[in-house]
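To be precise, the following lines are query.txt, and they hold compact mmCIF, C-alpha atoms.
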```
# COMPACT_ATOMS: atom_id res chain seq x y z
CA MET A 1 27.12 1.45 5.01
CA THR A 2 23.53 2.24 4.02
CA THR A 3 22.42 1.09 0.56
CA HIS A 4 19.61 2.82 -1.33
CA LEU A 5 17.95 1.40 -4.45
CA ILE A 6 16.50 4.29 -6.43
CA THR A 7 14.34 4.66 -9.53
CA GLY A 8 14.03 7.96 -11.37
CA ALA A 9 17.55 9.18 -10.58
CA GLY A 10 17.95 10.79 -13.98
CA SER A 11 16.18 14.08 -13.29
CA GLY A 12 13.95 16.07 -10.96
CA ILE A 13 13.28 14.71 -7.49
CA GLY A 14 15.10 11.44 -8.12
CA ALA A 15 18.29 13.20 -9.21
CA ALA A 16 18.16 15.49 -6.17
CA VAL A 17 17.74 12.55 -3.79
CA ALA A 18 20.49 10.50 -5.46
CA ARG A 19 22.94 13.42 -5.39
CA ARG A 20 22.30 14.18 -1.72
CA LEU A 21 22.70 10.54 -0.65
CA HIS A 22 25.81 10.11 -2.82
CA GLU A 23 27.42 13.25 -1.41
CA ARG A 24 27.05 12.01 2.16
CA GLY A 25 28.72 8.72 1.29
CA ASP A 26 25.81 6.28 1.16
CA ASP A 27 25.85 3.40 -1.34
CA LEU A 28 23.53 3.77 -4.33
CA VAL A 29 22.04 1.21 -6.69
CA LEU A 30 20.31 3.07 -9.51
CA VAL A 31 17.72 1.54 -11.82
CA ALA A 32 18.33 2.54 -15.45
CA ARG A 33 16.05 1.86 -18.39
CA ASP A 34 18.94 0.75 -20.65
CA ALA A 35 22.70 0.20 -20.68
CA GLY A 36 23.41 3.69 -22.01
CA ARG A 37 21.54 5.28 -19.15
CA ALA A 38 23.35 3.02 -16.70
CA LYS A 39 26.71 4.30 -17.97
CA GLU A 40 25.50 7.88 -17.52
CA PHE A 41 24.59 7.13 -13.90
CA GLU A 42 27.94 5.46 -13.22
CA ALA A 43 29.76 8.53 -14.54
CA ARG A 44 27.56 10.96 -12.61
CA TYR A 45 27.71 9.02 -9.33
CA PRO A 46 31.17 7.41 -9.06
CA GLY A 47 31.03 4.16 -7.14
CA ALA A 48 27.28 3.70 -7.58
CA GLY A 49 25.90 0.41 -8.80
CA THR A 50 23.29 0.14 -11.53
CA LEU A 51 20.58 -2.27 -12.57
CA VAL A 52 19.06 -2.19 -16.05
CA ALA A 53 15.30 -2.68 -16.12
CA ASP A 54 12.62 -1.00 -18.20
CA LEU A 55 9.85 0.12 -15.85
CA ALA A 56 7.55 0.49 -18.85
CA ASP A 57 7.65 -3.30 -19.24
CA PRO A 58 7.10 -4.66 -15.71
CA ASP A 59 6.46 -8.19 -16.96
CA ARG A 60 10.16 -8.42 -17.87
CA ILE A 61 11.69 -6.79 -14.79
CA SER A 62 12.20 -10.10 -12.98
CA TRP A 63 13.81 -11.64 -16.06
CA ALA A 64 16.08 -8.62 -16.59
CA LEU A 65 17.26 -8.52 -12.98
CA GLY A 66 17.78 -12.29 -13.00
CA HIS A 67 20.62 -11.76 -15.49
CA GLN A 68 22.41 -9.18 -13.31
CA SER A 69 24.20 -9.11 -9.97
CA MET A 70 21.65 -8.12 -7.33
CA PRO A 71 22.65 -6.14 -4.25
CA GLU A 72 22.92 -8.32 -1.16
CA THR A 73 21.70 -5.50 1.09
CA VAL A 74 18.93 -2.95 0.48
CA ASP A 75 18.23 -0.55 3.34
CA SER A 76 15.82 1.62 1.40
CA LEU A 77 13.89 1.26 -1.83
CA LEU A 78 12.98 4.67 -3.21
CA HIS A 79 10.33 4.65 -5.94
CA ILE A 80 10.70 8.07 -7.60
CA ALA A 81 10.33 7.37 -11.33
CA GLY A 82 7.05 8.36 -12.94
CA ILE A 83 5.43 9.47 -16.19
CA VAL A 84 2.39 11.60 -16.97
CA ASP A 85 0.12 11.96 -19.98
CA LEU A 86 -2.96 14.13 -19.64
CA GLY A 87 -6.28 13.84 -21.43
CA PRO A 88 -10.02 13.50 -20.81
CA VAL A 89 -11.40 10.06 -20.13
CA ALA A 90 -13.48 10.35 -23.30
CA GLU A 91 -10.29 10.41 -25.37
CA LEU A 92 -7.82 8.21 -23.48
CA ARG A 93 -6.99 4.97 -25.28
CA PRO A 94 -5.86 1.79 -23.50
CA LYS A 95 -2.23 2.38 -24.50
CA THR A 96 -2.13 5.62 -22.48
CA TRP A 97 -3.66 3.89 -19.46
CA HIS A 98 -1.25 0.96 -19.71
CA GLN A 99 1.82 3.18 -20.01
CA GLN A 100 1.09 5.14 -16.86
CA LEU A 101 -0.15 2.19 -14.84
CA ASN A 102 2.94 0.18 -15.81
CA VAL A 103 5.53 2.79 -14.81
CA ASN A 104 3.71 4.45 -11.93
CA LEU A 105 2.12 1.45 -10.23
CA ILE A 106 2.90 -2.03 -11.52
CA ALA A 107 6.68 -1.56 -11.80
CA PRO A 108 6.95 -0.27 -8.20
CA ALA A 109 4.87 -3.24 -7.02
CA GLU A 110 7.12 -5.67 -8.89
CA LEU A 111 10.38 -4.11 -7.69
CA THR A 112 9.06 -4.14 -4.14
CA ARG A 113 8.17 -7.83 -4.44
CA LEU A 114 11.61 -8.69 -5.77
CA PHE A 115 13.54 -6.80 -3.09
CA LEU A 116 11.40 -7.59 -0.06
CA PRO A 117 13.79 -10.32 1.15
CA GLN A 118 16.65 -7.78 1.39
CA LEU A 119 14.36 -5.15 2.91
CA ARG A 120 13.10 -7.56 5.55
CA ALA A 121 16.63 -8.65 6.42
CA ALA A 122 17.69 -5.02 6.85
CA GLN A 123 14.43 -3.92 8.49
CA GLY A 124 14.50 -1.37 5.72
CA HIS A 125 12.31 1.35 4.31
CA VAL A 126 10.18 1.68 1.17
CA VAL A 127 9.40 5.20 0.00
CA PHE A 128 6.83 5.87 -2.71
CA VAL A 129 7.08 9.35 -4.18
CA ASN A 130 3.44 9.74 -5.09
CA SER A 131 1.72 13.00 -6.11
CA GLY A 132 -1.03 15.35 -5.06
CA ALA A 133 -2.94 13.53 -7.81
CA GLY A 134 -2.76 10.43 -5.62
CA LEU A 135 -5.12 12.16 -3.19
CA ASN A 136 -7.34 14.23 -5.51
CA ALA A 137 -8.20 13.69 -9.18
CA HIS A 138 -9.04 16.58 -11.50
CA ALA A 139 -10.26 16.88 -15.07
CA ASP A 140 -7.81 15.50 -17.65
CA TRP A 141 -5.74 13.76 -14.97
CA GLY A 142 -7.75 10.51 -14.92
CA ALA A 143 -5.10 7.98 -15.98
CA TYR A 144 -2.25 9.56 -14.02
CA ALA A 145 -4.39 10.05 -10.92
CA ALA A 146 -5.65 6.48 -11.15
CA SER A 147 -2.07 5.20 -11.20
CA LYS A 148 -1.17 7.36 -8.20
CA HIS A 149 -4.32 6.46 -6.24
CA GLY A 150 -3.32 2.85 -6.86
CA LEU A 151 0.19 3.61 -5.60
CA LYS A 152 -1.31 4.93 -2.36
CA ALA A 153 -3.25 1.68 -1.95
CA LEU A 154 -0.11 -0.33 -2.64
CA ALA A 155 1.82 1.59 0.03
CA ASP A 156 -0.97 1.34 2.59
CA SER A 157 -1.35 -2.42 2.08
CA LEU A 158 2.41 -2.98 2.17
CA ARG A 159 2.70 -1.02 5.41
CA HIS A 160 0.18 -3.28 7.15
CA GLU A 161 1.68 -6.46 5.68
CA GLU A 162 5.31 -5.70 6.52
CA HIS A 163 5.01 -3.94 9.87
CA ALA A 164 5.73 -7.12 11.77
CA ASN A 165 8.87 -7.60 9.67
CA GLY A 166 10.20 -4.19 10.67
CA VAL A 167 9.85 -2.67 7.19
CA ARG A 168 8.77 0.97 7.23
CA VAL A 169 6.66 2.40 4.38
CA THR A 170 6.24 6.07 3.52
CA SER A 171 4.23 7.85 0.83
CA VAL A 172 5.31 11.36 -0.13
CA TYR A 173 2.74 13.50 -1.98
CA PRO A 174 4.45 16.47 -3.66
CA GLY A 175 2.50 19.23 -5.30
CA ARG A 176 3.71 20.66 -8.59
CA THR A 177 7.49 20.47 -8.67
CA ALA A 178 9.91 22.24 -11.01
CA SER A 179 11.03 19.30 -13.15
CA PRO A 180 10.99 18.03 -16.75
CA MET A 181 7.67 16.32 -15.96
CA GLN A 182 6.16 19.67 -15.05
CA VAL A 183 7.40 21.16 -18.32
CA LYS A 184 5.49 18.43 -20.16
CA VAL A 185 2.37 19.00 -18.05
CA HIS A 186 2.38 22.72 -18.83
CA SER A 187 2.83 21.98 -22.52
CA GLN A 188 -0.16 19.63 -22.50
CA GLU A 189 -2.19 22.18 -20.55
CA GLY A 190 -1.23 24.92 -23.01
CA LYS A 191 0.24 27.05 -20.22
CA GLU A 192 3.49 28.97 -19.91
CA TYR A 193 5.97 27.24 -17.60
CA ASP A 194 7.58 29.25 -14.81
CA ALA A 195 9.79 27.09 -12.58
CA SER A 196 9.88 29.76 -9.86
CA ARG A 197 6.19 29.12 -9.10
CA TRP A 198 6.70 25.50 -8.11
CA ILE A 199 8.49 23.41 -5.50
CA ASP A 200 12.24 22.99 -5.94
CA PRO A 201 13.10 19.26 -6.30
CA GLU A 202 15.64 19.78 -3.52
CA SER A 203 12.79 20.54 -1.11
CA VAL A 204 11.04 17.27 -1.91
CA ALA A 205 14.39 15.48 -1.60
CA THR A 206 14.67 16.92 1.91
CA ALA A 207 11.27 15.42 2.75
CA VAL A 208 12.28 11.99 1.41
CA ILE A 209 15.59 11.97 3.27
CA THR A 210 13.91 13.15 6.47
CA ALA A 211 11.61 10.12 6.28
CA ILE A 212 14.40 7.58 5.81
CA ASP A 213 16.62 9.20 8.44
CA LEU A 214 13.92 9.22 11.11
CA PRO A 215 14.97 7.19 14.19
CA ARG A 216 13.57 3.67 14.33
CA ASP A 217 11.15 4.49 17.15
CA ALA A 218 8.96 6.40 14.67
CA GLU A 219 7.67 6.16 11.11
CA ILE A 220 6.32 8.78 8.71
CA ASN A 221 3.40 7.12 6.93
CA ASP A 222 2.22 9.98 4.71
CA LEU A 223 3.91 13.28 3.95
CA THR A 224 2.25 15.99 1.86
CA VAL A 225 4.44 18.70 0.33
CA ARG A 226 2.83 21.76 -1.27
CA PRO A 227 4.20 24.83 -3.05
CA GLY A 228 5.01 27.51 -0.48
CA ARG A 229 5.02 30.48 -2.86
```

Mind turning the file's structure into structure tokens?
Amino acid sequence: MTTHLITGAGSGIGAAVARRLHERGDDLVLVARDAGRAKEFEARYPGAGTLVADLADPDRISWALGHQSMPETVDSLLHIAGIVDLGPVAELRPKTWHQQLNVNLIAPAELTRLFLPQLRAAQGHVVFVNSGAGLNAHADWGAYAASKHGLKALADSLRHEEHANGVRVTSVYPGRTASPMQVKVHSQEGKEYDASRWIDPESVATAVITAIDLPRDAEINDLTVRPGR
């Protein structure tokens, strides 16, 4: 049985990936920010395991997981959680930088560190769901894009470091996707939100699952997904 550890399973791309993997019978371990969220996941995905850890506070992730039963096997670690807060560099305060760097970059790095023993043993796969902002930064996207550029560097370094251990590493760079995050972005941009203009989360989920299902003789390093409409 294949076991997937997933962040961001509550909505958008993460929810689509978790549902698809659950429906085909794979084992899921879902990271929840608190006990209430964990119960929601357990009800939504019967049989799934949960781990409670607040990605906004990466310094305490190791402590939090140390008080819970860790999965013995992890075949894939799917980093899908993320937050966004727009604003010009001239107005961004340290708190805004810290929040996005913590959730989007430092927490994935810490979770990866903690689960590398299981991933090495399984010759597993780490997937970072990045963003188009991880390749190009635009006005008002400085803090978010910085966190996602950093995530690209993390993935690239990890790929080189773990290749000899048989661990595959993939970065997926979706364009604008119809999700609660995109609703927030449009609100901050002062624009009307029309979900039909953007990528369906199911389409990005297909890209993620394609990467982890690829036969072992190949590896998708980077996968860019753009709106097709």

For a quick check of your reading of the model, name the residues lying within 12 Å of the coordinate (10.8, 19.5, 4.0), counting only C-alpha atoms, and write them as a PDB file with C-alpha atoms, keeping the file's coordinate frame.
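Output (result10.pdb):
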```pdb
ATOM      1  CA  VAL A 172       5.310  11.360  -0.130  1.00  0.00           C
ATOM      2  CA  TYR A 173       2.740  13.500  -1.980  1.00  0.00           C
ATOM      3  CA  PRO A 174       4.450  16.470  -3.660  1.00  0.00           C
ATOM      4  CA  ILE A 199       8.490  23.410  -5.500  1.00  0.00           C
ATOM      5  CA  ASP A 200      12.240  22.990  -5.940  1.00  0.00           C
ATOM      6  CA  PRO A 201      13.100  19.260  -6.300  1.00  0.00           C
ATOM      7  CA  GLU A 202      15.640  19.780  -3.520  1.00  0.00           C
ATOM      8  CA  SER A 203      12.790  20.540  -1.110  1.00  0.00           C
ATOM      9  CA  VAL A 204      11.040  17.270  -1.910  1.00  0.00           C
ATOM     10  CA  ALA A 205      14.390  15.480  -1.600  1.00  0.00           C
ATOM     11  CA  THR A 206      14.670  16.920   1.910  1.00  0.00           C
ATOM     12  CA  ALA A 207      11.270  15.420   2.750  1.00  0.00           C
ATOM     13  CA  VAL A 208      12.280  11.990   1.410  1.00  0.00           C
ATOM     14  CA  ILE A 209      15.590  11.970   3.270  1.00  0.00           C
ATOM     15  CA  THR A 210      13.910  13.150   6.470  1.00  0.00           C
ATOM     16  CA  ALA A 211      11.610  10.120   6.280  1.00  0.00           C
ATOM     17  CA  LEU A 223       3.910  13.280   3.950  1.00  0.00           C
ATOM     18  CA  THR A 224       2.250  15.990   1.860  1.00  0.00           C
ATOM     19  CA  VAL A 225       4.440  18.700   0.330  1.00  0.00           C
ATOM     20  CA  ARG A 226       2.830  21.760  -1.270  1.00  0.00           C
ATOM     21  CA  PRO A 227       4.200  24.830  -3.050  1.00  0.00           C
ATOM     22  CA  GLY A 228       5.010  27.510  -0.480  1.00  0.00           C
TER      23      GLY A 228
END
```

Just give me the gap between CA of Gln99 (chain A) and CA of Asn130 (chain A) in Å, one decimal is fine.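 Interatomic distance here is 16.4 Å.
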
Quick one: everything within 10 Å of Val169 (chain A), counting all atoms listed in the file, minus sequence neighbours fewer than 3 positions away in the same chain. Send it as a ChimeraX atom specification. /A:76-77,124-128,155-160,162-163,166,211-212,219-222

Spatial neighbours of region 67-71 of chain A, max dist 12 Å, only C-alpha atoms, sep filter under 6 positions, as a list of chain:residue names: A:Thr2, A:Thr3, A:His4, A:Leu5, A:Asp27, A:Leu28, A:Val29, A:Leu30, A:Val31, A:Ala35, A:Ala48, A:Gly49, A:Thr50, A:Leu51, A:Val52, A:Ala53, A:Arg60, A:Ile61, A:Leu77, A:Leu111, A:Leu114, A:Phe115, A:Pro117, A:Gln118, A:Leu119

Provide the CA of Ala153 (chain A) to CA of Ala107 (chain A) distance in Å, to one decimal place.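 Computed distance, CA of Ala153 (chain A) to CA of Ala107 (chain A), equals 14.4 Å.
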
What's the separation between CA of Ser147 (chain A) and CA of Leu101 (chain A), in Å to one decimal place?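 We find that CA of Ser147 (chain A) and CA of Leu101 (chain A) lie 5.1 Å from each other.
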
Can you tell me, as a VMD selection string, what residues are no more than 10 Å from Pro180 (chain A) when counting all atoms listed in the file, ignoring any on the same chain fewer than 5 positions away? chain A and resid 11 to 12 185

Set the distance at 7 Å and use only C-alpha atoms: which residues neighbour region 85-92 of chain A once local chain neighbours fewer than 3 positions away are removed? I'd like the list as an MDAnalysis selection string. chainID A and resid 96 139:142 144 188

Please provide the set of residues having any atom within 12 Å of Tyr45 (chain A), restricted to only C-alpha atoms, with same-chain residues fewer than 4 positions apart removed, written as a PDB file with C-alpha atoms, in the coordinates of the input.
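Here's the written file result.pdb:
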```pdb
ATOM      1  CA  ALA A   9      17.550   9.180 -10.580  1.00  0.00           C
ATOM      2  CA  GLY A  10      17.950  10.790 -13.980  1.00  0.00           C
ATOM      3  CA  ALA A  15      18.290  13.200  -9.210  1.00  0.00           C
ATOM      4  CA  ALA A  16      18.160  15.490  -6.170  1.00  0.00           C
ATOM      5  CA  VAL A  17      17.740  12.550  -3.790  1.00  0.00           C
ATOM      6  CA  ALA A  18      20.490  10.500  -5.460  1.00  0.00           C
ATOM      7  CA  ARG A  19      22.940  13.420  -5.390  1.00  0.00           C
ATOM      8  CA  ARG A  20      22.300  14.180  -1.720  1.00  0.00           C
ATOM      9  CA  LEU A  21      22.700  10.540  -0.650  1.00  0.00           C
ATOM     10  CA  HIS A  22      25.810  10.110  -2.820  1.00  0.00           C
ATOM     11  CA  GLU A  23      27.420  13.250  -1.410  1.00  0.00           C
ATOM     12  CA  ARG A  24      27.050  12.010   2.160  1.00  0.00           C
ATOM     13  CA  GLY A  25      28.720   8.720   1.290  1.00  0.00           C
ATOM     14  CA  ASP A  26      25.810   6.280   1.160  1.00  0.00           C
ATOM     15  CA  ASP A  27      25.850   3.400  -1.340  1.00  0.00           C
ATOM     16  CA  LEU A  28      23.530   3.770  -4.330  1.00  0.00           C
ATOM     17  CA  VAL A  29      22.040   1.210  -6.690  1.00  0.00           C
ATOM     18  CA  LEU A  30      20.310   3.070  -9.510  1.00  0.00           C
ATOM     19  CA  ALA A  38      23.350   3.020 -16.700  1.00  0.00           C
ATOM     20  CA  LYS A  39      26.710   4.300 -17.970  1.00  0.00           C
ATOM     21  CA  GLU A  40      25.500   7.880 -17.520  1.00  0.00           C
ATOM     22  CA  PHE A  41      24.590   7.130 -13.900  1.00  0.00           C
ATOM     23  CA  GLY A  49      25.900   0.410  -8.800  1.00  0.00           C
ATOM     24  CA  THR A  50      23.290   0.140 -11.530  1.00  0.00           C
TER      25      THR A  50
END
```
